[in-house]
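Novice: Pasting a structure below so you can have a look.
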Amino acid sequence: MKAKLAADILTWAGSGLVVVSSVIHFHLWASEGYSQIPTIGPLFLMQAVTGWVLALVVSAYRRWPLVGLEAAFALATAAGLIISVNVSLFGWQDTMSAPFAVLALAIELAATAVLLAAGAILLRAWLARHGPGSRLRYLLRD
């Protein structure tokens, strides 16, 4: 029971961080001119909407594949920022001095870590319930 409570708290915290990241992306899109940037603008809006939807679904169902998907989403969002700062992304070069860049990166990396921890707890519990005859083992065998 303690593991389930820990997984629930971590899942809700991670989803909350994804929502904060999505709010930042929407603010940048709506108020800071990012909507005018080709390719990046629509991606910022898509990140905001997808983040909200994922957070709602994951918070409601709290299953390890969904939690893992949300962790991957948070990591991909952080990677997009890192790539846009260090190389460029779709022709857009950002900087860490851009509005909310440092905060967004910290939130996205924290969300990734928290959601991975929640996912690990949920996966361990799932494997304990399903044992050696689980479908996962069947799918992973040679």
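By convention in this document, the chains of the structure tokens carry letters A, B, ... by their order, each chain's residues are numbered from 1, and ligands are numbered from 1 in the order they are shown.
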Extract, using only C-alpha atoms, all DNA, RNA and protein residues at most 10 Å from Ile24 of chain A, discarding same-chain residues fewer than 5 positions from it, and format them as a PyMOL selection string.
Specialist: chain A and resi 18-19+29-30+44+48+99-101+103-104
Novice: Can I get the selection written as a short mmCIF file (atom, residue, chain, number, x, y, z; two decimals), in the first residue's frame, with N, CA and C atoms?
Specialist:
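Full text of out_26.cif as output:
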data_model
loop_
_atom_site.label_atom_id
_atom_site.label_comp_id
_atom_site.auth_asym_id
_atom_site.auth_seq_id
_atom_site.Cartn_x
_atom_site.Cartn_y
_atom_site.Cartn_z
N VAL A 18 4.36 18.72 -15.64
CA VAL A 18 4.10 18.76 -17.08
C VAL A 18 3.08 19.85 -17.40
N VAL A 19 2.08 20.02 -16.55
CA VAL A 19 1.10 21.09 -16.75
C VAL A 19 1.77 22.46 -16.66
N TRP A 29 3.76 31.07 -26.51
CA TRP A 29 3.08 31.05 -27.80
C TRP A 29 2.09 32.22 -27.91
N ALA A 30 1.30 32.44 -26.87
CA ALA A 30 0.22 33.42 -26.93
C ALA A 30 0.68 34.86 -26.68
N PHE A 44 4.96 24.72 -30.20
CA PHE A 44 4.73 25.21 -28.83
C PHE A 44 3.26 25.03 -28.45
N ALA A 48 1.72 22.47 -25.56
CA ALA A 48 0.83 22.92 -24.49
C ALA A 48 -0.41 22.04 -24.40
N PRO A 99 12.89 34.21 -22.30
CA PRO A 99 11.92 34.14 -21.19
C PRO A 99 11.59 32.70 -20.80
N PHE A 100 11.75 32.41 -19.54
CA PHE A 100 11.35 31.14 -18.94
C PHE A 100 12.20 29.94 -19.37
N ALA A 101 13.28 30.12 -20.11
CA ALA A 101 14.05 28.98 -20.63
C ALA A 101 14.63 28.14 -19.50
N LEU A 103 13.79 28.09 -16.29
CA LEU A 103 12.70 27.53 -15.49
C LEU A 103 12.05 26.35 -16.20
N ALA A 104 11.76 26.50 -17.49
CA ALA A 104 11.13 25.42 -18.25
C ALA A 104 12.02 24.18 -18.27
#
Novice: Would you mind listing what lies within 12 Å of Gly16 of chain A as a PDB file with C-alpha atoms, in the first residue's frame, with only C-alpha atoms counted and same-chain residues fewer than 5 positions away left out?
Specialist:
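Once written, out_12.pdb looks like this:
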ATOM      1  CA  ILE A   9       1.934  11.063  -5.277  1.00  0.00           C
ATOM      2  CA  LEU A  10       4.865  10.927  -7.704  1.00  0.00           C
ATOM      3  CA  THR A  11       2.522  10.555 -10.680  1.00  0.00           C
ATOM      4  CA  SER A  21       5.640  23.317 -18.568  1.00  0.00           C
ATOM      5  CA  SER A  22       2.590  23.384 -20.823  1.00  0.00           C
ATOM      6  CA  VAL A  23       1.407  26.659 -19.293  1.00  0.00           C
ATOM      7  CA  GLY A  51       0.925  18.220 -22.061  1.00  0.00           C
ATOM      8  CA  TRP A  52      -2.477  19.046 -20.584  1.00  0.00           C
ATOM      9  CA  VAL A  53      -4.117  15.996 -22.153  1.00  0.00           C
ATOM     10  CA  LEU A  54      -1.344  13.643 -21.033  1.00  0.00           C
ATOM     11  CA  ALA A  55      -1.398  15.047 -17.514  1.00  0.00           C
ATOM     12  CA  LEU A  56      -5.158  14.535 -17.228  1.00  0.00           C
ATOM     13  CA  VAL A  58      -2.058   9.915 -16.577  1.00  0.00           C
ATOM     14  CA  SER A  59      -3.435  11.437 -13.365  1.00  0.00           C
ATOM     15  CA  GLU A  70       4.465  11.210 -20.066  1.00  0.00           C
ATOM     16  CA  ALA A  74       8.772  15.693 -20.686  1.00  0.00           C
ATOM     17  CA  ILE A 107      10.641  21.813 -14.666  1.00  0.00           C
ATOM     18  CA  GLU A 108      10.874  19.420 -17.625  1.00  0.00           C
ATOM     19  CA  ALA A 110      12.229  17.380 -12.763  1.00  0.00           C
ATOM     20  CA  ALA A 111       9.043  16.031 -14.369  1.00  0.00           C
ATOM     21  CA  THR A 112      11.077  13.399 -16.203  1.00  0.00           C
ATOM     22  CA  VAL A 114       9.635  12.166 -10.917  1.00  0.00           C
ATOM     23  CA  LEU A 115       7.631  10.348 -13.584  1.00  0.00           C
TER      24      LEU A 115
END
Novice: Would you please work out which residue, of A:Gly33, A:Pro65, A:Gly80, A:Gly91, is nearest to Gly119 of chain A when using only C-alpha atoms?
Specialist: A:Pro65
Novice: What is the distance, in Å and to one decimal place, between atom CA of Leu28 of chain A and atom CA of Phe73 of chain A?
Specialist: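 So the answer is 18.5 Å.
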Novice: Please return, as an mmCIF file with C-alpha atoms, in the first residue's frame, all residues of chain A that DSSP assigns to alpha helix (DSSP H) on the basis of the backbone.
Specialist:
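Dumped to states-v3.cif:
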data_model
loop_
_atom_site.group_PDB
_atom_site.id
_atom_site.type_symbol
_atom_site.label_atom_id
_atom_site.label_comp_id
_atom_site.auth_asym_id
_atom_site.auth_seq_id
_atom_site.Cartn_x
_atom_site.Cartn_y
_atom_site.Cartn_z
ATOM 1 C CA LYS A 2 2.896 2.380 0.699
ATOM 2 C CA ALA A 3 4.287 1.791 -2.788
ATOM 3 C CA LYS A 4 0.920 2.582 -4.382
ATOM 4 C CA LEU A 5 0.604 5.799 -2.399
ATOM 5 C CA ALA A 6 4.158 6.789 -3.323
ATOM 6 C CA ALA A 7 3.473 6.043 -6.996
ATOM 7 C CA ASP A 8 0.243 8.057 -6.893
ATOM 8 C CA ILE A 9 1.934 11.063 -5.277
ATOM 9 C CA LEU A 10 4.865 10.927 -7.704
ATOM 10 C CA THR A 11 2.522 10.555 -10.680
ATOM 11 C CA TRP A 12 0.405 13.527 -9.643
ATOM 12 C CA ALA A 13 3.524 15.617 -8.944
ATOM 13 C CA GLY A 14 5.046 14.721 -12.311
ATOM 14 C CA SER A 15 1.803 15.461 -14.124
ATOM 15 C CA GLY A 16 1.595 18.776 -12.299
ATOM 16 C CA LEU A 17 5.085 19.658 -13.514
ATOM 17 C CA VAL A 18 4.098 18.755 -17.081
ATOM 18 C CA VAL A 19 1.095 21.090 -16.750
ATOM 19 C CA VAL A 20 3.376 23.917 -15.569
ATOM 20 C CA SER A 21 5.640 23.317 -18.568
ATOM 21 C CA SER A 22 2.590 23.384 -20.823
ATOM 22 C CA VAL A 23 1.407 26.659 -19.293
ATOM 23 C CA ILE A 24 4.843 28.177 -19.955
ATOM 24 C CA HIS A 25 4.758 26.988 -23.574
ATOM 25 C CA PHE A 26 1.244 28.372 -24.063
ATOM 26 C CA HIS A 27 2.234 31.706 -22.526
ATOM 27 C CA LEU A 28 5.255 31.955 -24.821
ATOM 28 C CA TRP A 29 3.078 31.052 -27.797
ATOM 29 C CA ALA A 30 0.220 33.423 -26.930
ATOM 30 C CA SER A 31 2.039 36.399 -25.395
ATOM 31 C CA ILE A 40 8.342 26.234 -33.685
ATOM 32 C CA GLY A 41 5.156 28.253 -33.065
ATOM 33 C CA PRO A 42 2.761 25.397 -33.881
ATOM 34 C CA LEU A 43 4.987 22.993 -31.929
ATOM 35 C CA PHE A 44 4.727 25.214 -28.835
ATOM 36 C CA LEU A 45 0.934 25.163 -29.098
ATOM 37 C CA MET A 46 0.944 21.403 -29.700
ATOM 38 C CA GLN A 47 3.209 20.896 -26.653
ATOM 39 C CA ALA A 48 0.833 22.917 -24.491
ATOM 40 C CA VAL A 49 -2.266 20.983 -25.534
ATOM 41 C CA THR A 50 -0.573 17.569 -25.492
ATOM 42 C CA GLY A 51 0.925 18.220 -22.061
ATOM 43 C CA TRP A 52 -2.477 19.046 -20.584
ATOM 44 C CA VAL A 53 -4.117 15.996 -22.153
ATOM 45 C CA LEU A 54 -1.344 13.643 -21.033
ATOM 46 C CA ALA A 55 -1.398 15.047 -17.514
ATOM 47 C CA LEU A 56 -5.158 14.535 -17.228
ATOM 48 C CA VAL A 57 -5.084 10.996 -18.622
ATOM 49 C CA VAL A 58 -2.058 9.915 -16.577
ATOM 50 C CA SER A 59 -3.435 11.437 -13.365
ATOM 51 C CA ALA A 60 -6.736 9.646 -13.875
ATOM 52 C CA TYR A 61 -5.413 6.185 -14.790
ATOM 53 C CA TRP A 64 3.028 2.427 -15.916
ATOM 54 C CA PRO A 65 2.893 2.651 -19.738
ATOM 55 C CA LEU A 66 1.086 6.002 -19.550
ATOM 56 C CA VAL A 67 3.460 7.315 -16.894
ATOM 57 C CA GLY A 68 6.387 6.236 -19.069
ATOM 58 C CA LEU A 69 4.854 8.012 -22.062
ATOM 59 C CA GLU A 70 4.465 11.210 -20.066
ATOM 60 C CA ALA A 71 8.083 10.942 -18.845
ATOM 61 C CA ALA A 72 9.235 10.538 -22.466
ATOM 62 C CA PHE A 73 7.157 13.594 -23.427
ATOM 63 C CA ALA A 74 8.772 15.693 -20.686
ATOM 64 C CA LEU A 75 12.238 14.505 -21.715
ATOM 65 C CA ALA A 76 11.532 15.236 -25.393
ATOM 66 C CA THR A 77 10.399 18.740 -24.476
ATOM 67 C CA ALA A 78 13.622 19.338 -22.528
ATOM 68 C CA ALA A 79 15.668 17.885 -25.384
ATOM 69 C CA GLY A 80 13.960 20.237 -27.834
ATOM 70 C CA LEU A 81 15.015 23.230 -25.746
ATOM 71 C CA ILE A 82 18.575 21.960 -25.376
ATOM 72 C CA ILE A 83 18.863 21.311 -29.110
ATOM 73 C CA SER A 84 17.388 24.705 -30.006
ATOM 74 C CA VAL A 85 19.906 26.436 -27.721
ATOM 75 C CA ASN A 86 23.011 24.486 -28.735
ATOM 76 C CA ALA A 101 14.047 28.980 -20.628
ATOM 77 C CA VAL A 102 15.916 28.020 -17.451
ATOM 78 C CA LEU A 103 12.701 27.532 -15.491
ATOM 79 C CA ALA A 104 11.129 25.418 -18.247
ATOM 80 C CA LEU A 105 14.221 23.221 -18.537
ATOM 81 C CA ALA A 106 14.349 22.661 -14.774
ATOM 82 C CA ILE A 107 10.641 21.813 -14.666
ATOM 83 C CA GLU A 108 10.874 19.420 -17.625
ATOM 84 C CA LEU A 109 13.884 17.583 -16.185
ATOM 85 C CA ALA A 110 12.229 17.380 -12.763
ATOM 86 C CA ALA A 111 9.043 16.031 -14.369
ATOM 87 C CA THR A 112 11.077 13.399 -16.203
ATOM 88 C CA ALA A 113 12.812 12.238 -13.017
ATOM 89 C CA VAL A 114 9.635 12.166 -10.917
ATOM 90 C CA LEU A 115 7.631 10.348 -13.584
ATOM 91 C CA LEU A 116 10.394 7.783 -14.153
ATOM 92 C CA ALA A 117 10.415 7.061 -10.411
ATOM 93 C CA ALA A 118 6.619 6.666 -10.418
ATOM 94 C CA GLY A 119 6.769 4.471 -13.506
ATOM 95 C CA ALA A 120 9.408 2.242 -11.946
ATOM 96 C CA ILE A 121 7.259 1.698 -8.835
ATOM 97 C CA LEU A 122 4.190 0.948 -10.950
ATOM 98 C CA LEU A 123 6.085 -1.408 -13.260
ATOM 99 C CA ARG A 124 7.594 -3.291 -10.321
ATOM 100 C CA ALA A 125 4.138 -3.749 -8.778
ATOM 101 C CA TRP A 126 2.728 -4.871 -12.131
ATOM 102 C CA LEU A 127 5.489 -7.442 -12.601
ATOM 103 C CA ALA A 128 4.987 -8.709 -9.034
ATOM 104 C CA ARG A 129 1.267 -9.246 -9.714
ATOM 105 C CA HIS A 130 1.684 -10.929 -13.072
ATOM 106 C CA ARG A 135 2.187 -11.213 -21.228
ATOM 107 C CA LEU A 136 5.182 -8.883 -20.976
ATOM 108 C CA ARG A 137 7.541 -11.831 -20.609
ATOM 109 C CA TYR A 138 5.787 -13.535 -23.498
ATOM 110 C CA LEU A 139 6.246 -10.473 -25.695
ATOM 111 C CA LEU A 140 9.910 -10.072 -24.754
#
